>>> print(open('run23.pdb').read())   # PDB, C-alpha atoms and all ligand atoms
ATOM      1  CA  MET A 248     147.742 111.996 174.547  1.00  0.00           C
ATOM      2  CA  HIS A 249     148.790 112.274 170.911  1.00  0.00           C
ATOM      3  CA  GLU A 250     152.280 110.848 171.465  1.00  0.00           C
ATOM      4  CA  THR A 251     150.997 107.621 173.037  1.00  0.00           C
ATOM      5  CA  VAL A 252     148.807 106.866 170.021  1.00  0.00           C
ATOM      6  CA  VAL A 253     151.693 107.602 167.663  1.00  0.00           C
ATOM      7  CA  ALA A 254     154.126 105.507 169.717  1.00  0.00           C
ATOM      8  CA  GLU A 255     151.810 102.509 169.672  1.00  0.00           C
ATOM      9  CA  SER A 256     151.206 102.674 165.952  1.00  0.00           C
ATOM     10  CA  ILE A 257     154.941 103.029 165.243  1.00  0.00           C
ATOM     11  CA  LEU A 258     155.738 100.141 167.538  1.00  0.00           C
ATOM     12  CA  LYS A 259     153.218  97.965 165.716  1.00  0.00           C
ATOM     13  CA  THR A 260     154.836  98.735 162.346  1.00  0.00           C
ATOM     14  CA  ILE A 261     158.334  98.075 163.698  1.00  0.00           C
ATOM     15  CA  LEU A 262     157.260  94.773 165.226  1.00  0.00           C
ATOM     16  CA  GLU A 263     155.755  93.684 161.901  1.00  0.00           C
ATOM     17  CA  ASN A 264     159.009  94.558 160.132  1.00  0.00           C
ATOM     18  CA  ALA A 265     161.050  92.763 162.770  1.00  0.00           C
ATOM     19  CA  ARG A 266     158.927  89.660 162.381  1.00  0.00           C
ATOM     20  CA  GLN A 267     159.585  89.664 158.633  1.00  0.00           C
ATOM     21  CA  THR A 268     163.340  90.184 158.866  1.00  0.00           C
ATOM     22  CA  GLY A 269     163.827  88.108 162.000  1.00  0.00           C
ATOM     23  CA  ALA A 270     166.337  90.645 163.367  1.00  0.00           C
ATOM     24  CA  LYS A 271     166.119  92.720 166.513  1.00  0.00           C
ATOM     25  CA  PRO A 272     165.450  96.402 165.818  1.00  0.00           C
ATOM     26  CA  VAL A 273     167.920  98.741 167.557  1.00  0.00           C
ATOM     27  CA  SER A 274     166.773 102.184 166.468  1.00  0.00           C
ATOM     28  CA  ALA A 275     164.229 103.991 164.328  1.00  0.00           C
ATOM     29  CA  ILE A 276     163.771 107.454 162.881  1.00  0.00           C
ATOM     30  CA  ILE A 277     160.398 109.094 162.457  1.00  0.00           C
ATOM     31  CA  SER A 278     159.740 112.461 160.890  1.00  0.00           C
ATOM     32  CA  CYS A 279     156.882 114.872 161.280  1.00  0.00           C
ATOM     33  CA  GLY A 280     155.843 118.293 160.077  1.00  0.00           C
ATOM     34  CA  GLN A 281     155.333 121.442 162.094  1.00  0.00           C
ATOM     35  CA  PHE A 282     151.561 121.179 162.556  1.00  0.00           C
ATOM     36  CA  ASN A 283     151.775 117.567 163.564  1.00  0.00           C
ATOM     37  CA  VAL A 284     154.608 118.349 165.899  1.00  0.00           C
ATOM     38  CA  LEU A 285     155.536 115.841 168.572  1.00  0.00           C
ATOM     39  CA  ASN A 286     157.315 116.585 171.793  1.00  0.00           C
ATOM     40  CA  ASP A 287     160.596 114.634 171.607  1.00  0.00           C
ATOM     41  CA  GLU A 288     160.823 113.808 175.293  1.00  0.00           C
ATOM     42  CA  VAL A 289     157.185 112.803 175.629  1.00  0.00           C
ATOM     43  CA  MET A 290     157.563 110.766 172.452  1.00  0.00           C
ATOM     44  CA  SER A 291     160.665 108.878 173.675  1.00  0.00           C
ATOM     45  CA  PHE A 292     158.963 108.125 176.952  1.00  0.00           C
ATOM     46  CA  ALA A 293     155.738 106.993 175.271  1.00  0.00           C
ATOM     47  CA  PHE A 294     157.705 104.743 172.943  1.00  0.00           C
ATOM     48  CA  GLU A 295     159.783 103.285 175.764  1.00  0.00           C
ATOM     49  CA  THR A 296     156.617 102.513 177.694  1.00  0.00           C
ATOM     50  CA  ALA A 297     154.901 100.951 174.682  1.00  0.00           C
ATOM     51  CA  ALA A 298     158.002  98.912 173.801  1.00  0.00           C
ATOM     52  CA  ALA A 299     158.585  97.555 177.298  1.00  0.00           C
ATOM     53  CA  GLY A 300     158.236  93.785 177.323  1.00  0.00           C
ATOM     54  CA  THR A 301     158.182  93.519 173.525  1.00  0.00           C
ATOM     55  CA  PHE A 302     160.839  92.597 170.964  1.00  0.00           C
ATOM     56  CA  CYS A 303     161.501  96.347 170.641  1.00  0.00           C
ATOM     57  CA  GLU A 304     162.421  96.933 174.266  1.00  0.00           C
ATOM     58  CA  GLY A 305     165.496  99.147 174.652  1.00  0.00           C
ATOM     59  CA  MET A 306     165.542 100.504 171.111  1.00  0.00           C
ATOM     60  CA  THR A 307     165.950 104.224 170.523  1.00  0.00           C
ATOM     61  CA  LEU A 308     163.556 106.431 168.641  1.00  0.00           C
ATOM     62  CA  THR A 309     164.647 109.662 166.987  1.00  0.00           C
ATOM     63  CA  VAL A 310     162.156 112.335 165.940  1.00  0.00           C
ATOM     64  CA  LYS A 311     163.119 114.442 162.950  1.00  0.00           C
ATOM     65  CA  HIS A 312     161.219 117.696 162.475  1.00  0.00           C
ATOM     66  CA  ILE A 313     160.543 118.682 158.885  1.00  0.00           C
ATOM     67  CA  PRO A 314     160.329 122.476 158.444  1.00  0.00           C
ATOM     68  CA  MET A 315     157.284 124.086 156.839  1.00  0.00           C
ATOM     69  CA  ARG A 316     157.713 124.970 153.204  1.00  0.00           C
ATOM     70  CA  ALA A 317     156.062 127.813 151.349  1.00  0.00           C
ATOM     71  CA  THR A 318     155.868 128.870 147.713  1.00  0.00           C
ATOM     72  CA  CYS A 319     156.248 132.526 146.796  1.00  0.00           C
ATOM     73  CA  LYS A 320     153.360 134.063 144.869  1.00  0.00           C
ATOM     74  CA  GLN A 321     155.699 136.483 143.091  1.00  0.00           C
ATOM     75  CA  CYS A 322     158.594 134.357 141.853  1.00  0.00           C
ATOM     76  CA  LYS A 323     157.217 130.830 142.515  1.00  0.00           C
ATOM     77  CA  THR A 324     160.264 129.848 144.554  1.00  0.00           C
ATOM     78  CA  THR A 325     159.633 127.158 147.161  1.00  0.00           C
ATOM     79  CA  PHE A 326     161.522 127.828 150.348  1.00  0.00           C
ATOM     80  CA  GLU A 327     161.729 126.694 153.963  1.00  0.00           C
ATOM     81  CA  PHE A 328     159.500 128.908 156.030  1.00  0.00           C
ATOM     82  CA  ASP A 329     161.370 130.723 158.784  1.00  0.00           C
ATOM     83  CA  ILE A 330     159.093 132.076 161.493  1.00  0.00           C
ATOM     84  CA  TYR A 331     161.659 134.766 162.372  1.00  0.00           C
ATOM     85  CA  HIS A 332     162.051 135.925 158.794  1.00  0.00           C
ATOM     86  CA  PRO A 333     158.775 135.071 157.023  1.00  0.00           C
ATOM     87  CA  VAL A 334     159.566 136.276 153.512  1.00  0.00           C
ATOM     88  CA  CYS A 335     160.550 134.636 150.235  1.00  0.00           C
ATOM     89  CA  LYS A 336     164.226 133.665 150.238  1.00  0.00           C
ATOM     90  CA  GLN A 337     164.529 134.711 146.615  1.00  0.00           C
ATOM     91  CA  CYS A 338     162.727 138.047 146.256  1.00  0.00           C
ATOM     92  CA  GLU A 339     161.854 138.902 149.890  1.00  0.00           C
ATOM     93  CA  SER A 340     158.141 139.038 149.092  1.00  0.00           C
ATOM     94  CA  GLY A 341     155.778 138.430 151.981  1.00  0.00           C
ATOM     95  CA  GLU A 342     153.157 136.925 149.670  1.00  0.00           C
ATOM     96  CA  PHE A 343     153.317 133.164 149.708  1.00  0.00           C
ATOM     97  CA  ASP A 344     151.266 129.996 150.118  1.00  0.00           C
ATOM     98  CA  PHE A 345     152.126 127.202 152.491  1.00  0.00           C
ATOM     99  CA  GLU A 346     152.854 123.790 151.081  1.00  0.00           C
ATOM    100  CA  PRO A 347     151.023 120.844 152.682  1.00  0.00           C
ATOM    101  CA  ASP A 348     152.601 119.916 156.006  1.00  0.00           C
ATOM    102  CA  ALA A 349     154.861 116.864 156.089  1.00  0.00           C
ATOM    103  CA  PRO A 350     152.983 113.775 157.310  1.00  0.00           C
ATOM    104  CA  LEU A 351     154.082 111.715 160.236  1.00  0.00           C
ATOM    105  CA  LEU A 352     156.333 109.098 158.758  1.00  0.00           C
ATOM    106  CA  LEU A 353     158.386 106.161 159.898  1.00  0.00           C
ATOM    107  CA  GLU A 354     161.533 106.819 157.903  1.00  0.00           C
ATOM    108  CA  GLU A 355     163.993 104.188 158.890  1.00  0.00           C
ATOM    109  CA  ILE A 356     164.400 101.152 161.076  1.00  0.00           C
ATOM    110  CA  GLU A 357     167.832  99.898 161.919  1.00  0.00           C
ATOM    111  CA  PHE A 358     168.210  96.248 162.818  1.00  0.00           C
ATOM    112  CA  GLU A 359     170.893  94.485 164.766  1.00  0.00           C
ATOM    113  CA  GLU A 360     173.370  92.918 162.394  1.00  0.00           C
ATOM    114  CA  ASN A 361     173.777  89.191 162.461  1.00  0.00           C
ATOM    115  CA  GLU A 362     177.423  88.326 162.386  1.00  0.00           C
TER
HETATM  116 ZN    ZN B 401     159.745 135.269 145.722  1.00  0.00          ZN
END
>>> encode(input="run23.pdb", output="structure tokens")
Amino acid sequence: MHETVVAESILKTILENARQTGAKPVSAIISCGQFNVLNDEVMSFAFETAAAGTFCEGMTLTVKHIPMRATCKQCKTTFEFDIYHPVCKQCESGEFDFEPDAPLLLEEIEFEENE
């Protein structure tokens, strides 16, 4: 299952960061593109399972979905591709190229603050 592999690799990165900062991580945000799309619920569950018994147990993981972007062949405008209205936002042309899909990325880790 794709999500399990992703969850384990994210957990590993978070644990390395936590070791360096010495603080307990409370939440993290990951982002992914539309081709690399993750199921949010499956992802949360996979992460919870992977994190159980580690320093990351109980932290929350948020998945942010980055929309596909395309560049118009007519006017060179780059726009967010809308599957329900697949034309250039500027000139309404249906001729466009897709930009590379957003990679799977660990965007942010929030640590517990030491008071
Ligand atoms: Zn255009």
>>> closest_residue(input="run23.pdb", among="A:Cys322, A:Ala317, A:Ile276, A:Cys335", to="A:Asp348", atoms="only C-alpha atoms")
A:Ala317
>>> closest_residue(input="run23.pdb", among="A:Leu353, A:Leu258, A:Met290, A:Val334", to="ligand ZN 401 (chain B)", atoms="all atoms listed in the file")
A:Val334
>>> closest_atom_pairs(input="run23.pdb", of="chain A", to="ligand ZN 401 (chain B)", cutoff="9 Å", atoms="all atoms listed in the file", output="tab-separated table")
residue	atom	partner	partner_atom	distance
A:Thr318	CA	B:ZN401	ZN	7.7
A:Cys319	CA	B:ZN401	ZN	4.6
A:Lys320	CA	B:ZN401	ZN	6.6
A:Gln321	CA	B:ZN401	ZN	5.0
A:Cys322	CA	B:ZN401	ZN	4.1
A:Lys323	CA	B:ZN401	ZN	6.0
A:Thr324	CA	B:ZN401	ZN	5.6
A:Thr325	CA	B:ZN401	ZN	8.2
A:Phe326	CA	B:ZN401	ZN	8.9
A:Val334	CA	B:ZN401	ZN	7.9
A:Cys335	CA	B:ZN401	ZN	4.6
A:Lys336	CA	B:ZN401	ZN	6.6
A:Gln337	CA	B:ZN401	ZN	4.9
A:Cys338	CA	B:ZN401	ZN	4.1
A:Glu339	CA	B:ZN401	ZN	5.9
A:Ser340	CA	B:ZN401	ZN	5.3
A:Gly341	CA	B:ZN401	ZN	8.1
A:Glu342	CA	B:ZN401	ZN	7.9
A:Phe343	CA	B:ZN401	ZN	7.9
>>> closest_residue(input="run23.pdb", among="A:Ser274, A:Ala254, A:Leu262, A:Cys279", to="A:Phe292", atoms="only C-alpha atoms")
A:Ala254
>>> resolve_selection(input="run23.pdb", expression="the PyMOL selection byres (((chain A and resi 265) around 12) and not hetatm)", output="PyMOL selection string")
chain A and resi 258-264+266-275+301-303+356-359
>>> atom_distance(input="run23.pdb", atom1="atom CA of A:Glu346", atom2="atom CA of A:Ser256")
25.9 Å
>>> axis_aligned_box(input="run23.pdb", around="stretch 256-272 of chain A", padding_each_side="3 Å", output="lines of an AutoDock Vina configuration file")
center_x = 158.8
center_y = 95.6
center_z = 163.1
size_x = 21.1
size_y = 20.9
size_z = 14.9
>>> residues_around(input="run23.pdb", residues="A:Met315", least_positions_apart="6", cutoff="9 Å", atoms="all atoms listed in the file", output="PyMOL selection string")
chain A and resi 280-282+326-329+345-349
>>> atom_distance(input="run23.pdb", atom1="atom CA of A:Ala293", atom2="atom CA of A:Glu255")
8.2 Å
>>> atom_distance(input="run23.pdb", atom1="atom CA of A:Thr309", atom2="atom CA of A:Val289")
11.8 Å
>>> closest_residue(input="run23.pdb", among="A:Ile313, A:Ala298, A:Leu308, A:Val252", to="A:Val284", atoms="all atoms listed in the file")
A:Ile313
>>> residues_around(input="run23.pdb", residues="A:Glu295", least_positions_apart="4", cutoff="8 Å", atoms="all atoms listed in the file", output="MDAnalysis selection string")
chainID A and resid 291 299 304:306
